[in-house]
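Beneath this line is the structure, given in structure tokens, with notes to follow.
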Amino acid sequence: MANREKNKKTLLELAKLPENSCCADCGAADPDWASYTLGIFVCLNCSGTHRNLSTISRIKSIRLDFWDDELVQFMKSNGNRAAKNFYEKYVPVFYYQPQPDDCEVLREQWIRAKYERKEFTEEKTERPYTAGVYEGMLWKKGKDNGQFLERKFVLSVHDFTLKYYKEDESKGPKATISVKDLNATFQPEKIGHAHGLQITYSVDDHTRNLFVYHKNGWEIVNWFNAIRAIRHVYLKTAFPTLIPWITRSYLKEGYMEKTGPLQREPFKKRWFILDSLDRKLLYFKTQLDAIELGVVFIGSENHGYSVRECVPKGTRGNKWKCGVIVETPDRQFVFMCEQERDQREWVEALKTVISKPMINKP
């Protein structure tokens, strides 16, 4: 028993070292699990993926499970830093490395890429997502009937475009999308599929959405990183200051009620997306609409923009009572949230954008 407690204490001390204090795979703080075959400390979420790689990674709790002296010594001899230096030695600069709040497919494929496929242990000149052209079939949501249909997509570095085709490819692409304003973000809950990806782009100053998925997690993450790869090449040449935003998640999304400019029009429920890079508050009729209904530009405090909570009086048609007022130099916008928590989150997110100085974006 004394030896068991001694080993437990040693493991807990190892886990508190700066190099081990965050999950080796997603960066979550204070990992309570460890792979005793890889010598790394991981969080609960990532440990689930490791359990599915039983021929490569074996998992134990550092608090609850029994550890013998040999395994403890192995953990002391390795650790997260040593694993990172080996398994992540040649990760491409554009390759997305998951964060604690990212969806499961991103975490799973990152872990499999490192330890199962060992994609980053050697300096490879070409990977599937860096070939310059990436093509294949994706299930795309139809604009009219809402059904998902298989469509061919082609991403090319030669003309910096993403194209997709309907059944008859001889008629040419249904759409040709420039990568200049292309964005991709995983939206499994919104799309209703664990591998759901939202692709957003601009057409004539309007925002368009494509909702797609692939049944294979490895394939959809390859698509995501292929988009990031071509965006990186494009931005490195044209707009190097924007490289940190190869792709980006949106600061806040959700339903609010919105009224018109006179504030006497009935409130209507709309799906809102706050894009902090473009400083746009976009709104759609539903969360899976392809085309925006409108957009509110969110400038900086120095240019006369502000946001606050409110309890508007004399409003019509609103079911929700938690108000948010956005002041701009031209008009006042009034929104209603369902709950106080939503109200606080929207005000906080909008304040984050308003507090940042405006920059000239190409």
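In the structure tokens, chains take letters A, B, ... by order of appearance, with residues numbered from 1 within each chain and ligands from 1 in the order shown.
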Check: A:Asp275: which residues within 9 Å, counting only C-alpha atoms, same-chain residues fewer than 3 positions away excluded, as a list in words?
Finding: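 Here the answer would be Arg248, Ser249, Tyr250, Leu251, Lys252, Asp278, Arg279, Lys280, Leu281, Leu282 and Val353 of chain A.
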Would you save the residues from that selection as a PDB file, in the first residue's frame, using N, CA and C atoms?
```
ATOM      1  N   ARG A 248     -11.241  30.319 -39.242  1.00  0.00           N
ATOM      2  CA  ARG A 248     -11.561  30.821 -37.909  1.00  0.00           C
ATOM      3  C   ARG A 248     -12.942  30.349 -37.478  1.00  0.00           C
ATOM      4  N   SER A 249     -13.072  30.137 -36.184  1.00  0.00           N
ATOM      5  CA  SER A 249     -14.400  29.887 -35.614  1.00  0.00           C
ATOM      6  C   SER A 249     -15.045  31.232 -35.336  1.00  0.00           C
ATOM      7  N   TYR A 250     -16.360  31.251 -35.347  1.00  0.00           N
ATOM      8  CA  TYR A 250     -17.063  32.507 -35.107  1.00  0.00           C
ATOM      9  C   TYR A 250     -17.166  32.759 -33.603  1.00  0.00           C
ATOM     10  N   LEU A 251     -17.125  34.028 -33.245  1.00  0.00           N
ATOM     11  CA  LEU A 251     -17.064  34.399 -31.839  1.00  0.00           C
ATOM     12  C   LEU A 251     -18.329  33.987 -31.099  1.00  0.00           C
ATOM     13  N   LYS A 252     -19.477  34.095 -31.750  1.00  0.00           N
ATOM     14  CA  LYS A 252     -20.747  33.767 -31.095  1.00  0.00           C
ATOM     15  C   LYS A 252     -21.783  33.473 -32.159  1.00  0.00           C
ATOM     16  N   ASP A 278     -14.115  40.059 -39.597  1.00  0.00           N
ATOM     17  CA  ASP A 278     -14.752  40.999 -40.522  1.00  0.00           C
ATOM     18  C   ASP A 278     -15.624  42.029 -39.822  1.00  0.00           C
ATOM     19  N   ARG A 279     -15.766  41.882 -38.486  1.00  0.00           N
ATOM     20  CA  ARG A 279     -16.572  42.802 -37.675  1.00  0.00           C
ATOM     21  C   ARG A 279     -18.007  42.851 -38.189  1.00  0.00           C
ATOM     22  N   LYS A 280     -18.571  41.687 -38.474  1.00  0.00           N
ATOM     23  CA  LYS A 280     -19.927  41.606 -39.002  1.00  0.00           C
ATOM     24  C   LYS A 280     -20.818  40.790 -38.074  1.00  0.00           C
ATOM     25  N   LEU A 281     -22.017  41.293 -37.845  1.00  0.00           N
ATOM     26  CA  LEU A 281     -23.072  40.533 -37.181  1.00  0.00           C
ATOM     27  C   LEU A 281     -24.069  40.143 -38.271  1.00  0.00           C
ATOM     28  N   LEU A 282     -23.956  38.899 -38.732  1.00  0.00           N
ATOM     29  CA  LEU A 282     -24.798  38.404 -39.823  1.00  0.00           C
ATOM     30  C   LEU A 282     -26.063  37.789 -39.250  1.00  0.00           C
ATOM     31  N   VAL A 353     -15.548  42.718 -29.684  1.00  0.00           N
ATOM     32  CA  VAL A 353     -15.288  43.271 -31.020  1.00  0.00           C
ATOM     33  C   VAL A 353     -15.176  44.791 -30.959  1.00  0.00           C
TER      34      VAL A 353
END
```
Check: Could you write out, as an MDAnalysis selection string, all the residues of stretch 112-152 of chain A that DSSP marks as strand (DSSP E)?
Finding: chainID A and resid 133:141 148:152
N, CA, C and O atoms of the current selection, written as a PDB file, in the first residue's frame:
```pdb
ATOM      1  N   VAL A 133      -3.988  19.967 -55.371  1.00  0.00           N
ATOM      2  CA  VAL A 133      -5.363  19.715 -55.822  1.00  0.00           C
ATOM      3  C   VAL A 133      -5.955  18.637 -54.907  1.00  0.00           C
ATOM      4  O   VAL A 133      -5.327  17.592 -54.700  1.00  0.00           O
ATOM      5  N   TYR A 134      -7.103  18.929 -54.348  1.00  0.00           N
ATOM      6  CA  TYR A 134      -7.797  17.937 -53.510  1.00  0.00           C
ATOM      7  C   TYR A 134      -9.215  17.821 -54.036  1.00  0.00           C
ATOM      8  O   TYR A 134      -9.922  18.816 -54.167  1.00  0.00           O
ATOM      9  N   GLU A 135      -9.639  16.606 -54.355  1.00  0.00           N
ATOM     10  CA  GLU A 135     -10.988  16.436 -54.884  1.00  0.00           C
ATOM     11  C   GLU A 135     -11.619  15.174 -54.333  1.00  0.00           C
ATOM     12  O   GLU A 135     -10.937  14.245 -53.901  1.00  0.00           O
ATOM     13  N   GLY A 136     -12.941  15.180 -54.341  1.00  0.00           N
ATOM     14  CA  GLY A 136     -13.679  14.031 -53.844  1.00  0.00           C
ATOM     15  C   GLY A 136     -15.143  14.374 -53.673  1.00  0.00           C
ATOM     16  O   GLY A 136     -15.595  15.479 -54.011  1.00  0.00           O
ATOM     17  N   MET A 137     -15.886  13.416 -53.125  1.00  0.00           N
ATOM     18  CA  MET A 137     -17.325  13.578 -52.947  1.00  0.00           C
ATOM     19  C   MET A 137     -17.640  13.993 -51.509  1.00  0.00           C
ATOM     20  O   MET A 137     -17.079  13.452 -50.553  1.00  0.00           O
ATOM     21  N   LEU A 138     -18.517  14.973 -51.384  1.00  0.00           N
ATOM     22  CA  LEU A 138     -19.029  15.396 -50.091  1.00  0.00           C
ATOM     23  C   LEU A 138     -20.547  15.424 -50.150  1.00  0.00           C
ATOM     24  O   LEU A 138     -21.132  15.673 -51.209  1.00  0.00           O
ATOM     25  N   TRP A 139     -21.177  15.177 -49.028  1.00  0.00           N
ATOM     26  CA  TRP A 139     -22.631  15.305 -48.944  1.00  0.00           C
ATOM     27  C   TRP A 139     -22.964  16.763 -48.644  1.00  0.00           C
ATOM     28  O   TRP A 139     -22.550  17.301 -47.613  1.00  0.00           O
ATOM     29  N   LYS A 140     -23.699  17.404 -49.556  1.00  0.00           N
ATOM     30  CA  LYS A 140     -24.004  18.835 -49.456  1.00  0.00           C
ATOM     31  C   LYS A 140     -25.500  19.050 -49.254  1.00  0.00           C
ATOM     32  O   LYS A 140     -26.327  18.413 -49.919  1.00  0.00           O
ATOM     33  N   LYS A 141     -25.831  19.973 -48.368  1.00  0.00           N
ATOM     34  CA  LYS A 141     -27.236  20.305 -48.124  1.00  0.00           C
ATOM     35  C   LYS A 141     -27.790  21.119 -49.276  1.00  0.00           C
ATOM     36  O   LYS A 141     -27.214  22.131 -49.678  1.00  0.00           O
ATOM     37  N   PHE A 148     -29.500  16.304 -48.087  1.00  0.00           N
ATOM     38  CA  PHE A 148     -28.077  16.220 -48.385  1.00  0.00           C
ATOM     39  C   PHE A 148     -27.874  15.272 -49.565  1.00  0.00           C
ATOM     40  O   PHE A 148     -28.359  14.139 -49.556  1.00  0.00           O
ATOM     41  N   LEU A 149     -27.162  15.773 -50.578  1.00  0.00           N
ATOM     42  CA  LEU A 149     -26.891  14.997 -51.787  1.00  0.00           C
ATOM     43  C   LEU A 149     -25.389  14.972 -52.041  1.00  0.00           C
ATOM     44  O   LEU A 149     -24.682  15.943 -51.747  1.00  0.00           O
ATOM     45  N   GLU A 150     -24.895  13.861 -52.594  1.00  0.00           N
ATOM     46  CA  GLU A 150     -23.475  13.746 -52.890  1.00  0.00           C
ATOM     47  C   GLU A 150     -23.099  14.642 -54.067  1.00  0.00           C
ATOM     48  O   GLU A 150     -23.735  14.590 -55.118  1.00  0.00           O
ATOM     49  N   ARG A 151     -22.062  15.422 -53.867  1.00  0.00           N
ATOM     50  CA  ARG A 151     -21.584  16.317 -54.900  1.00  0.00           C
ATOM     51  C   ARG A 151     -20.054  16.233 -54.966  1.00  0.00           C
ATOM     52  O   ARG A 151     -19.376  16.053 -53.950  1.00  0.00           O
ATOM     53  N   LYS A 152     -19.526  16.407 -56.173  1.00  0.00           N
ATOM     54  CA  LYS A 152     -18.071  16.406 -56.343  1.00  0.00           C
ATOM     55  C   LYS A 152     -17.526  17.802 -56.060  1.00  0.00           C
ATOM     56  O   LYS A 152     -18.017  18.797 -56.590  1.00  0.00           O
TER      57      LYS A 152
END
```
Item checked: A:His206, A:Lys60, A:Lys180, A:Lys89 ranked by distance to A:Glu119, top pick (using only C-alpha atoms) ->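 Looking at the shortest contact to A:Glu119, the residue is A:Lys89.
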Margin query: Just the number, please: distance in Å from atom CA of A:Met256 to atom CA of A:Arg208, one decimal.
Written below: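 Computed distance, atom CA of A:Met256 to atom CA of A:Arg208, equals 20.0 Å.
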Item checked: Spatial neighbours of A:Leu71, max dist 10 Å, only C-alpha atoms, sep filter under 5 positions, as number ranges by chain -> A: 7, 35-37, 39, 66, 76-77
Store the residues picked out above, limited to C-alpha atoms, as a PDB file, in the first residue's frame.
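Saved to result_38.pdb:
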```
ATOM      1  CA  ASN A   7       3.778   5.950  -7.051  1.00  0.00           C
ATOM      2  CA  SER A  35      -0.927   6.680 -21.736  1.00  0.00           C
ATOM      3  CA  TYR A  36       1.588   4.327 -20.178  1.00  0.00           C
ATOM      4  CA  THR A  37       2.714   3.071 -23.604  1.00  0.00           C
ATOM      5  CA  GLY A  39       4.427   8.195 -21.848  1.00  0.00           C
ATOM      6  CA  PHE A  66      -2.694   0.983  -9.812  1.00  0.00           C
ATOM      7  CA  LYS A  76       9.378   9.814 -15.712  1.00  0.00           C
ATOM      8  CA  SER A  77      11.638   8.979 -18.659  1.00  0.00           C
TER       9      SER A  77
END
```
Next item on the list: Might you pull out every residue within 10 Å of A:Lys143, with only C-alpha atoms counted and same-chain residues fewer than 6 positions away left off, and present them as a ChimeraX atom specification?
Entry: /A:209-211,288-291
